[in-house]
Amino acid sequence: MKNPVEEHFSLDGTNASWKNQAEDTHLSNASGKAYVDLDGGPESLALLTRAALKNGGEIDLLPSGQVAVRNVKSVPIEANGAKLTATLYEVSGLGYEPAYLWLDEDQQFFATTYGWSSTARQGFESVVPTLHKAQQQVENARAAELARALTHAPTGDVVIKNVNLFDSEKAKILPRQRVAVHGDRIVSIAPETGQTAPANAEVIDGSGKTLLPGLWDLHAQLFPLNAFMDVAAGVTTVRDMGNSIEDLTTLRQHIEDGTQIGPRVVRAGFIDGPGAFEGPIKVLAATPQEALARVDRYADLGYVQIKIYSSVKPELVPIIVNEAHKRGLRVSGHVPAGMVAEQFIRDGADEIQHMNFVFLNFMPDIKETRTPERFIAPGKRGADLDLNSPQVNNFIALLKERHIVIDATMGVWESTYTDRQGQVARIDQPIFDRLPVQAQRGIKAGGGSLPVPDDATDKQYRASYAKMEAMLKKLYDSGVQLVSGTDAGNGYALHRELEIYTHAGISASEVLRMATLEGARVMHMDKDFGSVTTGKYADMILVNGDPTTQISDIRRIDLVMKNGKLLRPAELYHAIGVQ
């Protein structure tokens with residue numbers, strides 16, 4: 001987001017001092033401890049690794065904590081006539097899961113490879129896929145071990161007795177119910193009368209608790225860690241809105257075969273245009289022929305939706321839409337640069353991602369939306385938008401007429417416009433004290449918020465975000481379909497998304513229906529999912545409280561059931577260093 005980066009560390013005897021965008025800290029007795037910088041990049045991880053290895057494989061950290069380093073595997077490397085041996089090191093203790101890096105024979109930095117990006121020594125870029133595959137094998141083995149330990153398969157039926165059941169069809173609570181599960185399906189629901197449970201059944205007392213369908217996050221980019229964290233937060237289904245075909249296929253398969261804890265994955269295929277601003281997923285289309293080919297490949301692979309990104313040429317939008325609809329796929333996306341949301345809809349799109357593109361519809365002079373301007377302009381001008389103006393009302397009427405879905409990702413905009421460096425991000429506040437120390441430091445760095453140079457800008461950004469909440473409520477009141485999506489990677493972001501919807505004035509019961517049954521309906525999966533109904537899959541969460549009266553109770557999940565398997569958030573969080 002172009003926030004300034006400046007970081008200083010000094011050591012005077014045993015007294016350490018450091019200052020960065022999140023901290024201004026002084027500690028005595030720092031001798032023998034390592035400072036983990038926020039902004040140093042992969043070379044600093046190599047420095048930390050060498051220090052730990054020199055210290056017997058472990059080293060204490062500032063301000064607290066400890067890392068442990070181990071040699072995982074070595075791989076012979078050859079590129080451009082040069083040969084060396086790269087060794088993969090696992091660094092545990094910095095966050096939710098180990099960090100990995102590759103060093104050469106002299107323990108000098110060689111490469112890191114994560115998700116969408118890699119860094120490698122110049123001249124050896126061609127070996128990144130080899131390193132990535134070797135590292136994935138290590139990560140997959142760890143994920144499988146966690147899945148075996150933390151997924152509990154019942155030996156008989158599961159009965160949840162005396163529980164308050166959220167009826168997502170009617171958006172109301174049915175008190176004192178008994179729900180029985182056999183295998184992966186719900187087999188009976190009845191009022192609680194103290195019935196005798198079947199032999200060998202696992203009986204769970206739901207007294208004072210609420211049973212809901214598993215939550216749906218309809219805007220995710222899924223990787224192994226956030227797949228794990230989704231389940232810990234009660235998210236049992238996600239719609240992946242942009243990912244490598246190969247990586248998502250592998251991850252989805254691991255989830256399905258039980259070697260990775262994660263939600264059910266609904267796939268949307270990402271298409272962008274080539275150029276300086278192209279997105280990280282390199283499925284690109286510059287011509288009608290390429291656009292048709294990209295849609296057809298996704299359809300052949302079983303994807304159910306296409307997501308258009310910002311660099312797609314406007315003239316390709318109707319071509320993509322027509323082919324996708326012909327193949328039975330929905331179409332959504334960023335509104336491409338050079339067009340506004342109304343044109344995107346009239347060209348046939350079914351859905352819009354992100355509230356900023358709704359606001360940019362009324363700022364047609366903003367032509368370049370592939371840069372941070374797509375964040376800055378709605379922040380500086382959004383507060384001035386008259387939500388009762390004819391142009392806004394006409395646009396909303398068009399949304400309703402065309403049955404357009406809005407995936408607003410409100411938590412993103414709350415962060416963008418109201419979080420500040422050095423403070424705990426709003427999305428993280430309820431769980432912050434439970435997180436690993438180094439994760440806390442990264443959160444306070446405030447990387448998701450826009451720079452705020454003065455008080456006037458601060459005031460304007462906050463007012464624009466408030467107008468976004470008002471727009472959300474107006475869309476809802478006007479009958480426009482909303483879905484719950486986060487575009488975040490920690491599971492619990494969905495809890496904040498739902499809180500924002502209630503803060504905007506939508507009832508908690510309606511918000512919970514939105515995050516369950518309505519999500520399933522939008523994706524035409526409500527025959528099997530989205531409600532606690534006899535015959536449907538046993539995807540449910542047991543909440544210690546009543547989120548229909550206090551939406552924040554959705555954070556108090558005691559048990560997650562997915563496909564009839566039991567997972568306990570307390571155990572899942574403990575496994576990744578969260579208290």
# chains A, B, ... in the order shown; residues from 1 in each chain; ligands from 1

call {"tool": "select_by_dssp", "arguments": {"residues": "segment 124-311 of chain A", "states": "helix (DSSP H, G or I)", "output": "PyMOL selection string"}}
result
chain A and resi 125-150+224-232+245-256+288-300

call {"tool": "closest_atom_pairs", "arguments": {"of": "segment 438-510 of chain A", "to": "segment 61-83 of chain A", "cutoff": "12 Å", "atoms": "only C-alpha atoms", "output": "JSON lines"}}
result
{"residue": "A:Gln438", "atom": "CA", "partner": "A:Gly65", "partner_atom": "CA", "distance": 8.2}
{"residue": "A:Ala439", "atom": "CA", "partner": "A:Gly65", "partner_atom": "CA", "distance": 11.3}
{"residue": "A:Gln440", "atom": "CA", "partner": "A:Pro63", "partner_atom": "CA", "distance": 11.3}
{"residue": "A:Arg441", "atom": "CA", "partner": "A:Pro63", "partner_atom": "CA", "distance": 9.7}

call {"tool": "atom_distance", "arguments": {"atom1": "atom CA of His8 of chain A", "atom2": "atom CA of Asn20 of chain A"}}
result
6.5 Å

call {"tool": "closest_atom_pairs", "arguments": {"of": "segment 486-531 of chain A", "to": "segment 348-366 of chain A", "cutoff": "12 Å", "atoms": "only C-alpha atoms", "output": "Markdown table"}}
result
| residue | atom | partner | partner_atom | distance |
| --- | --- | --- | --- | --- |
| A:Thr486 | CA | A:His354 | CA | 9.5 |
| A:Asp487 | CA | A:His354 | CA | 9.1 |
| A:Val522 | CA | A:Glu351 | CA | 10.2 |
| A:Met523 | CA | A:Asp350 | CA | 11.7 |

call {"tool": "write_last_selection", "arguments": {"atoms": "N, CA and C atoms", "output": "PDB file, in the first residue's frame"}}
result
ATOM      1  N   THR A 486     -14.331 -12.734   2.448  1.00  0.00           N
ATOM      2  CA  THR A 486     -13.343 -11.975   3.216  1.00  0.00           C
ATOM      3  C   THR A 486     -12.145 -11.495   2.412  1.00  0.00           C
ATOM      4  N   ASP A 487     -11.697 -12.255   1.428  1.00  0.00           N
ATOM      5  CA  ASP A 487     -10.430 -11.973   0.747  1.00  0.00           C
ATOM      6  C   ASP A 487      -9.287 -11.889   1.761  1.00  0.00           C
ATOM      7  N   VAL A 522     -26.369 -19.454  -3.764  1.00  0.00           N
ATOM      8  CA  VAL A 522     -25.700 -18.725  -4.849  1.00  0.00           C
ATOM      9  C   VAL A 522     -24.872 -19.686  -5.705  1.00  0.00           C
ATOM     10  N   MET A 523     -24.253 -20.671  -5.052  1.00  0.00           N
ATOM     11  CA  MET A 523     -23.412 -21.623  -5.772  1.00  0.00           C
ATOM     12  C   MET A 523     -24.183 -22.886  -6.172  1.00  0.00           C
TER      13      MET A 523
END

call {"tool": "closest_residue", "arguments": {"among": "A:Arg568, A:Lys313, A:Arg346, A:Lys307", "to": "Val331 of chain A", "atoms": "only C-alpha atoms"}}
result
A:Lys307

call {"tool": "residues_around", "arguments": {"residues": "Gly156 of chain A", "least_positions_apart": "5", "cutoff": "7 Å", "atoms": "only C-alpha atoms", "output": "list in words"}}
result
Asn200, Ala201 and Glu202 of chain A

call {"tool": "closest_residue", "arguments": {"among": "A:Val163, A:Val238, A:Ile541, A:Ile255", "to": "Ala147 of chain A", "atoms": "only C-alpha atoms"}}
result
A:Ile255

call {"tool": "closest_residue", "arguments": {"among": "A:Ala227, A:Ile345, A:Val295, A:Ala383", "to": "Ile396 of chain A", "atoms": "only C-alpha atoms"}}
result
A:Ile345

call {"tool": "residues_around", "arguments": {"residues": "Gln579 of chain A", "least_positions_apart": "2", "cutoff": "12 Å", "atoms": "only C-alpha atoms", "output": "list in words"}}
result
Tyr96, Ile431, Phe432, Asp433, Arg434, Leu435, Pro436, Val437, Pro569, Ala570, Glu571, Leu572, Tyr573, His574, Ala575, Ile576 and Gly577 of chain A

call {"tool": "closest_residue", "arguments": {"among": "A:Phe110, A:Phe223, A:Phe277, A:Trp413", "to": "Thr85 of chain A", "atoms": "only C-alpha atoms"}}
result
A:Phe110

call {"tool": "residues_around", "arguments": {"residues": "Ser117 of chain A", "least_positions_apart": "3", "cutoff": "12 Å", "atoms": "only C-alpha atoms", "output": "NGL selection string"}}
result
:A and (111-114 or 120 or 125 or 128-129 or 132 or 244 or 279-282)

call {"tool": "write_last_selection", "arguments": {"atoms": "N, CA, C and O atoms", "output": "PDB file, in the first residue's frame"}}
result
ATOM      1  N   ALA A 111      17.501 -19.419  -1.785  1.00  0.00           N
ATOM      2  CA  ALA A 111      16.141 -19.227  -2.322  1.00  0.00           C
ATOM      3  C   ALA A 111      15.094 -19.365  -1.232  1.00  0.00           C
ATOM      4  O   ALA A 111      15.316 -20.008  -0.198  1.00  0.00           O
ATOM      5  N   THR A 112      13.955 -18.743  -1.473  1.00  0.00           N
ATOM      6  CA  THR A 112      12.714 -19.047  -0.756  1.00  0.00           C
ATOM      7  C   THR A 112      11.629 -19.228  -1.803  1.00  0.00           C
ATOM      8  O   THR A 112      11.661 -18.601  -2.871  1.00  0.00           O
ATOM      9  N   THR A 113      10.674 -20.066  -1.500  1.00  0.00           N
ATOM     10  CA  THR A 113       9.557 -20.257  -2.425  1.00  0.00           C
ATOM     11  C   THR A 113       8.281 -20.432  -1.615  1.00  0.00           C
ATOM     12  O   THR A 113       8.157 -21.341  -0.792  1.00  0.00           O
ATOM     13  N   TYR A 114       7.333 -19.493  -1.815  1.00  0.00           N
ATOM     14  CA  TYR A 114       6.066 -19.498  -1.096  1.00  0.00           C
ATOM     15  C   TYR A 114       4.951 -19.107  -2.046  1.00  0.00           C
ATOM     16  O   TYR A 114       5.060 -18.121  -2.773  1.00  0.00           O
ATOM     17  N   ALA A 120      15.138 -16.218  -5.780  1.00  0.00           N
ATOM     18  CA  ALA A 120      16.243 -17.152  -6.003  1.00  0.00           C
ATOM     19  C   ALA A 120      17.488 -16.398  -6.432  1.00  0.00           C
ATOM     20  O   ALA A 120      17.414 -15.296  -6.996  1.00  0.00           O
ATOM     21  N   GLU A 125      17.183 -19.096 -11.497  1.00  0.00           N
ATOM     22  CA  GLU A 125      15.723 -18.981 -11.482  1.00  0.00           C
ATOM     23  C   GLU A 125      15.049 -20.257 -11.996  1.00  0.00           C
ATOM     24  O   GLU A 125      13.963 -20.628 -11.553  1.00  0.00           O
ATOM     25  N   VAL A 128      13.709 -23.058  -9.494  1.00  0.00           N
ATOM     26  CA  VAL A 128      12.670 -22.790  -8.506  1.00  0.00           C
ATOM     27  C   VAL A 128      11.590 -23.883  -8.492  1.00  0.00           C
ATOM     28  O   VAL A 128      11.179 -24.337  -7.410  1.00  0.00           O
ATOM     29  N   PRO A 129      11.073 -24.351  -9.640  1.00  0.00           N
ATOM     30  CA  PRO A 129      10.065 -25.420  -9.579  1.00  0.00           C
ATOM     31  C   PRO A 129      10.570 -26.672  -8.862  1.00  0.00           C
ATOM     32  O   PRO A 129       9.808 -27.323  -8.137  1.00  0.00           O
ATOM     33  N   HIS A 132      10.533 -25.820  -5.185  1.00  0.00           N
ATOM     34  CA  HIS A 132       9.148 -25.696  -4.736  1.00  0.00           C
ATOM     35  C   HIS A 132       8.540 -27.080  -4.503  1.00  0.00           C
ATOM     36  O   HIS A 132       7.876 -27.329  -3.475  1.00  0.00           O
ATOM     37  N   SER A 244      -3.410 -20.816  -8.545  1.00  0.00           N
ATOM     38  CA  SER A 244      -2.802 -21.698  -9.527  1.00  0.00           C
ATOM     39  C   SER A 244      -3.649 -22.951  -9.679  1.00  0.00           C
ATOM     40  O   SER A 244      -4.051 -23.562  -8.680  1.00  0.00           O
ATOM     41  N   GLY A 279      -2.024  -9.963 -12.901  1.00  0.00           N
ATOM     42  CA  GLY A 279      -2.069 -10.575 -11.570  1.00  0.00           C
ATOM     43  C   GLY A 279      -1.099 -11.730 -11.440  1.00  0.00           C
ATOM     44  O   GLY A 279      -0.466 -12.164 -12.410  1.00  0.00           O
ATOM     45  N   PRO A 280      -0.963 -12.254 -10.227  1.00  0.00           N
ATOM     46  CA  PRO A 280       0.040 -13.286  -9.956  1.00  0.00           C
ATOM     47  C   PRO A 280      -0.308 -14.654 -10.518  1.00  0.00           C
ATOM     48  O   PRO A 280       0.562 -15.526 -10.571  1.00  0.00           O
ATOM     49  N   ILE A 281      -1.555 -14.864 -10.908  1.00  0.00           N
ATOM     50  CA  ILE A 281      -1.957 -16.165 -11.465  1.00  0.00           C
ATOM     51  C   ILE A 281      -1.928 -16.029 -12.978  1.00  0.00           C
ATOM     52  O   ILE A 281      -2.752 -15.343 -13.563  1.00  0.00           O
ATOM     53  N   LYS A 282      -0.981 -16.687 -13.610  1.00  0.00           N
ATOM     54  CA  LYS A 282      -0.681 -16.381 -15.006  1.00  0.00           C
ATOM     55  C   LYS A 282      -1.584 -17.130 -15.990  1.00  0.00           C
ATOM     56  O   LYS A 282      -1.126 -17.827 -16.890  1.00  0.00           O
TER      57      LYS A 282
END

call {"tool": "select_by_dssp", "arguments": {"residues": "segment 148-391 of chain A", "states": "strand (DSSP E or B)", "output": "number ranges by chain"}}
result
A: 152, 158-167, 172-182, 185-191, 202-205, 210-213, 215-220, 235-240, 264-272, 284, 305-308, 330-333, 351-353

call {"tool": "residues_around", "arguments": {"residues": "Val159 of chain A", "least_positions_apart": "3", "cutoff": "8 Å", "atoms": "only C-alpha atoms", "output": "PDB file with C-alpha atoms, in the first residue's frame"}}
result
ATOM      1  CA  ARG A 178     -31.626 -33.367  19.110  1.00  0.00           C
ATOM      2  CA  VAL A 179     -29.608 -33.841  15.921  1.00  0.00           C
ATOM      3  CA  ALA A 180     -28.215 -37.227  14.896  1.00  0.00           C
ATOM      4  CA  VAL A 181     -25.501 -37.905  12.322  1.00  0.00           C
ATOM      5  CA  ALA A 197     -29.110 -42.701  21.923  1.00  0.00           C
ATOM      6  CA  ALA A 201     -23.126 -43.317  19.643  1.00  0.00           C
ATOM      7  CA  GLU A 202     -20.995 -40.357  20.685  1.00  0.00           C
ATOM      8  CA  VAL A 203     -23.342 -38.061  22.591  1.00  0.00           C
ATOM      9  CA  ILE A 204     -22.510 -34.362  22.820  1.00  0.00           C
TER      10      ILE A 204
END

call {"tool": "closest_atom_pairs", "arguments": {"of": "segment 448-549 of chain A", "to": "segment 425-428 of chain A", "cutoff": "12 Å", "atoms": "only C-alpha atoms", "output": "CSV"}}
result
residue,atom,partner,partner_atom,distance
A:Gly448,CA,A:Ala425,CA,8.9
A:Ser449,CA,A:Ala425,CA,9.1
A:Thr486,CA,A:Ile427,CA,10.6
A:Ala488,CA,A:Ile427,CA,10.0
A:Gly489,CA,A:Ile427,CA,11.5
A:Asn490,CA,A:Asp428,CA,9.5
A:Gly491,CA,A:Ile427,CA,10.8
A:Tyr492,CA,A:Ile427,CA,8.1
A:Ala493,CA,A:Ile427,CA,6.1
A:Leu494,CA,A:Ile427,CA,9.1
A:His495,CA,A:Ile427,CA,8.6
A:Arg496,CA,A:Ile427,CA,5.8
A:Glu497,CA,A:Ile427,CA,8.4
A:Leu498,CA,A:Ile427,CA,11.1
A:Glu499,CA,A:Ile427,CA,10.0
A:Ile500,CA,A:Ile427,CA,10.0

call {"tool": "write_last_selection", "arguments": {"atoms": "all heavy atoms", "output": "mmCIF file, in the first residue's frame"}}
result
data_model
loop_
_atom_site.group_PDB
_atom_site.id
_atom_site.type_symbol
_atom_site.label_atom_id
_atom_site.label_comp_id
_atom_site.auth_asym_id
_atom_site.auth_seq_id
_atom_site.Cartn_x
_atom_site.Cartn_y
_atom_site.Cartn_z
ATOM 1 N N GLY A 448 -1.921 -3.505 5.600
ATOM 2 C CA GLY A 448 -3.101 -3.457 4.753
ATOM 3 C C GLY A 448 -3.785 -2.117 4.682
ATOM 4 O O GLY A 448 -4.771 -1.965 3.963
ATOM 5 N N SER A 449 -3.289 -1.131 5.407
ATOM 6 C CA SER A 449 -3.963 0.170 5.430
ATOM 7 C C SER A 449 -3.238 1.174 4.544
ATOM 8 O O SER A 449 -2.031 1.091 4.327
ATOM 9 C CB SER A 449 -4.022 0.697 6.868
ATOM 10 O OG SER A 449 -2.718 0.823 7.410
ATOM 11 N N THR A 486 -14.331 -12.734 2.448
ATOM 12 C CA THR A 486 -13.343 -11.975 3.216
ATOM 13 C C THR A 486 -12.145 -11.495 2.412
ATOM 14 O O THR A 486 -11.571 -10.463 2.725
ATOM 15 C CB THR A 486 -12.809 -12.825 4.374
ATOM 16 O OG1 THR A 486 -12.104 -13.961 3.847
ATOM 17 C CG2 THR A 486 -13.926 -13.279 5.287
ATOM 18 N N ALA A 488 -9.371 -12.700 2.798
ATOM 19 C CA ALA A 488 -8.351 -12.727 3.846
ATOM 20 C C ALA A 488 -7.868 -14.162 4.007
ATOM 21 O O ALA A 488 -8.387 -15.078 3.373
ATOM 22 C CB ALA A 488 -8.915 -12.189 5.158
ATOM 23 N N GLY A 489 -6.898 -14.361 4.883
ATOM 24 C CA GLY A 489 -6.297 -15.681 4.963
ATOM 25 C C GLY A 489 -6.178 -16.238 6.358
ATOM 26 O O GLY A 489 -5.219 -16.959 6.637
ATOM 27 N N ASN A 490 -7.137 -15.944 7.240
ATOM 28 C CA ASN A 490 -6.969 -16.430 8.607
ATOM 29 C C ASN A 490 -8.231 -17.035 9.207
ATOM 30 O O ASN A 490 -8.268 -17.315 10.399
ATOM 31 C CB ASN A 490 -6.476 -15.300 9.511
ATOM 32 C CG ASN A 490 -7.384 -14.078 9.457
ATOM 33 O OD1 ASN A 490 -8.587 -14.199 9.327
ATOM 34 N ND2 ASN A 490 -6.794 -12.894 9.548
ATOM 35 N N GLY A 491 -9.254 -17.272 8.416
ATOM 36 C CA GLY A 491 -10.459 -17.898 8.934
ATOM 37 C C GLY A 491 -11.305 -16.965 9.764
ATOM 38 O O GLY A 491 -12.464 -16.675 9.426
ATOM 39 N N TYR A 492 -10.740 -16.462 10.857
ATOM 40 C CA TYR A 492 -11.526 -15.622 11.764
ATOM 41 C C TYR A 492 -11.895 -14.278 11.152
ATOM 42 O O TYR A 492 -12.717 -13.543 11.712
ATOM 43 C CB TYR A 492 -10.809 -15.435 13.103
ATOM 44 C CG TYR A 492 -9.453 -14.762 13.057
ATOM 45 C CD1 TYR A 492 -9.339 -13.385 12.958
ATOM 46 C CD2 TYR A 492 -8.277 -15.501 13.149
ATOM 47 C CE1 TYR A 492 -8.098 -12.751 12.939
ATOM 48 C CE2 TYR A 492 -7.033 -14.882 13.128
ATOM 49 C CZ TYR A 492 -6.950 -13.508 13.020
ATOM 50 O OH TYR A 492 -5.722 -12.887 12.994
ATOM 51 N N ALA A 493 -11.331 -13.936 10.011
ATOM 52 C CA ALA A 493 -11.759 -12.721 9.313
ATOM 53 C C ALA A 493 -13.235 -12.778 8.963
ATOM 54 O O ALA A 493 -13.902 -11.741 8.898
ATOM 55 C CB ALA A 493 -10.927 -12.515 8.049
ATOM 56 N N LEU A 494 -13.770 -13.979 8.748
ATOM 57 C CA LEU A 494 -15.187 -14.084 8.431
ATOM 58 C C LEU A 494 -16.047 -13.654 9.617
ATOM 59 O O LEU A 494 -17.127 -13.076 9.435
ATOM 60 C CB LEU A 494 -15.549 -15.512 8.009
ATOM 61 C CG LEU A 494 -16.994 -15.689 7.541
ATOM 62 C CD1 LEU A 494 -17.269 -14.866 6.286
ATOM 63 C CD2 LEU A 494 -17.322 -17.148 7.298
ATOM 64 N N HIS A 495 -15.566 -13.922 10.830
ATOM 65 C CA HIS A 495 -16.318 -13.474 12.011
ATOM 66 C C HIS A 495 -16.452 -11.951 11.999
ATOM 67 O O HIS A 495 -17.523 -11.398 12.296
ATOM 68 C CB HIS A 495 -15.621 -13.918 13.296
ATOM 69 C CG HIS A 495 -15.398 -15.393 13.370
ATOM 70 N ND1 HIS A 495 -14.445 -15.965 14.192
ATOM 71 C CD2 HIS A 495 -16.001 -16.430 12.723
ATOM 72 C CE1 HIS A 495 -14.479 -17.280 14.050
ATOM 73 N NE2 HIS A 495 -15.407 -17.579 13.162
ATOM 74 N N ARG A 496 -15.367 -11.275 11.662
ATOM 75 C CA ARG A 496 -15.419 -9.813 11.606
ATOM 76 C C ARG A 496 -16.320 -9.354 10.462
ATOM 77 O O ARG A 496 -17.065 -8.370 10.614
ATOM 78 C CB ARG A 496 -14.004 -9.226 11.438
ATOM 79 C CG ARG A 496 -13.964 -7.701 11.398
ATOM 80 C CD ARG A 496 -14.565 -7.107 12.645
ATOM 81 N NE ARG A 496 -14.816 -5.663 12.538
ATOM 82 C CZ ARG A 496 -15.704 -5.009 13.279
ATOM 83 N NH1 ARG A 496 -16.432 -5.637 14.186
ATOM 84 N NH2 ARG A 496 -15.872 -3.729 13.124
ATOM 85 N N GLU A 497 -16.273 -10.039 9.338
ATOM 86 C CA GLU A 497 -17.143 -9.686 8.209
ATOM 87 C C GLU A 497 -18.603 -9.706 8.645
ATOM 88 O O GLU A 497 -19.372 -8.784 8.337
ATOM 89 C CB GLU A 497 -16.918 -10.666 7.053
ATOM 90 C CG GLU A 497 -17.555 -10.253 5.748
ATOM 91 C CD GLU A 497 -16.811 -9.146 5.020
ATOM 92 O OE1 GLU A 497 -15.625 -8.891 5.333
ATOM 93 O OE2 GLU A 497 -17.416 -8.522 4.129
ATOM 94 N N LEU A 498 -18.992 -10.724 9.393
ATOM 95 C CA LEU A 498 -20.380 -10.836 9.838
ATOM 96 C C LEU A 498 -20.719 -9.753 10.855
ATOM 97 O O LEU A 498 -21.842 -9.216 10.851
ATOM 98 C CB LEU A 498 -20.628 -12.217 10.417
ATOM 99 C CG LEU A 498 -20.293 -13.418 9.509
ATOM 100 C CD1 LEU A 498 -20.745 -14.720 10.159
ATOM 101 C CD2 LEU A 498 -20.903 -13.259 8.131
ATOM 102 N N GLU A 499 -19.763 -9.416 11.715
ATOM 103 C CA GLU A 499 -19.988 -8.325 12.673
ATOM 104 C C GLU A 499 -20.214 -7.003 11.942
ATOM 105 O O GLU A 499 -21.062 -6.194 12.335
ATOM 106 C CB GLU A 499 -18.789 -8.202 13.616
ATOM 107 C CG GLU A 499 -18.687 -9.337 14.615
ATOM 108 C CD GLU A 499 -17.394 -9.306 15.413
ATOM 109 O OE1 GLU A 499 -16.441 -8.590 15.012
ATOM 110 O OE2 GLU A 499 -17.305 -10.003 16.431
ATOM 111 N N ILE A 500 -19.453 -6.774 10.877
ATOM 112 C CA ILE A 500 -19.618 -5.536 10.105
ATOM 113 C C ILE A 500 -21.016 -5.469 9.502
ATOM 114 O O ILE A 500 -21.676 -4.406 9.519
ATOM 115 C CB ILE A 500 -18.543 -5.437 9.004
ATOM 116 C CG1 ILE A 500 -17.164 -5.214 9.633
ATOM 117 C CG2 ILE A 500 -18.874 -4.321 8.018
ATOM 118 C CD1 ILE A 500 -16.016 -5.336 8.654
#

call {"tool": "closest_residue", "arguments": {"among": "A:Thr516, A:Asn162, A:Gln391, A:Thr371", "to": "Asp539 of chain A", "atoms": "only C-alpha atoms"}}
result
A:Thr516
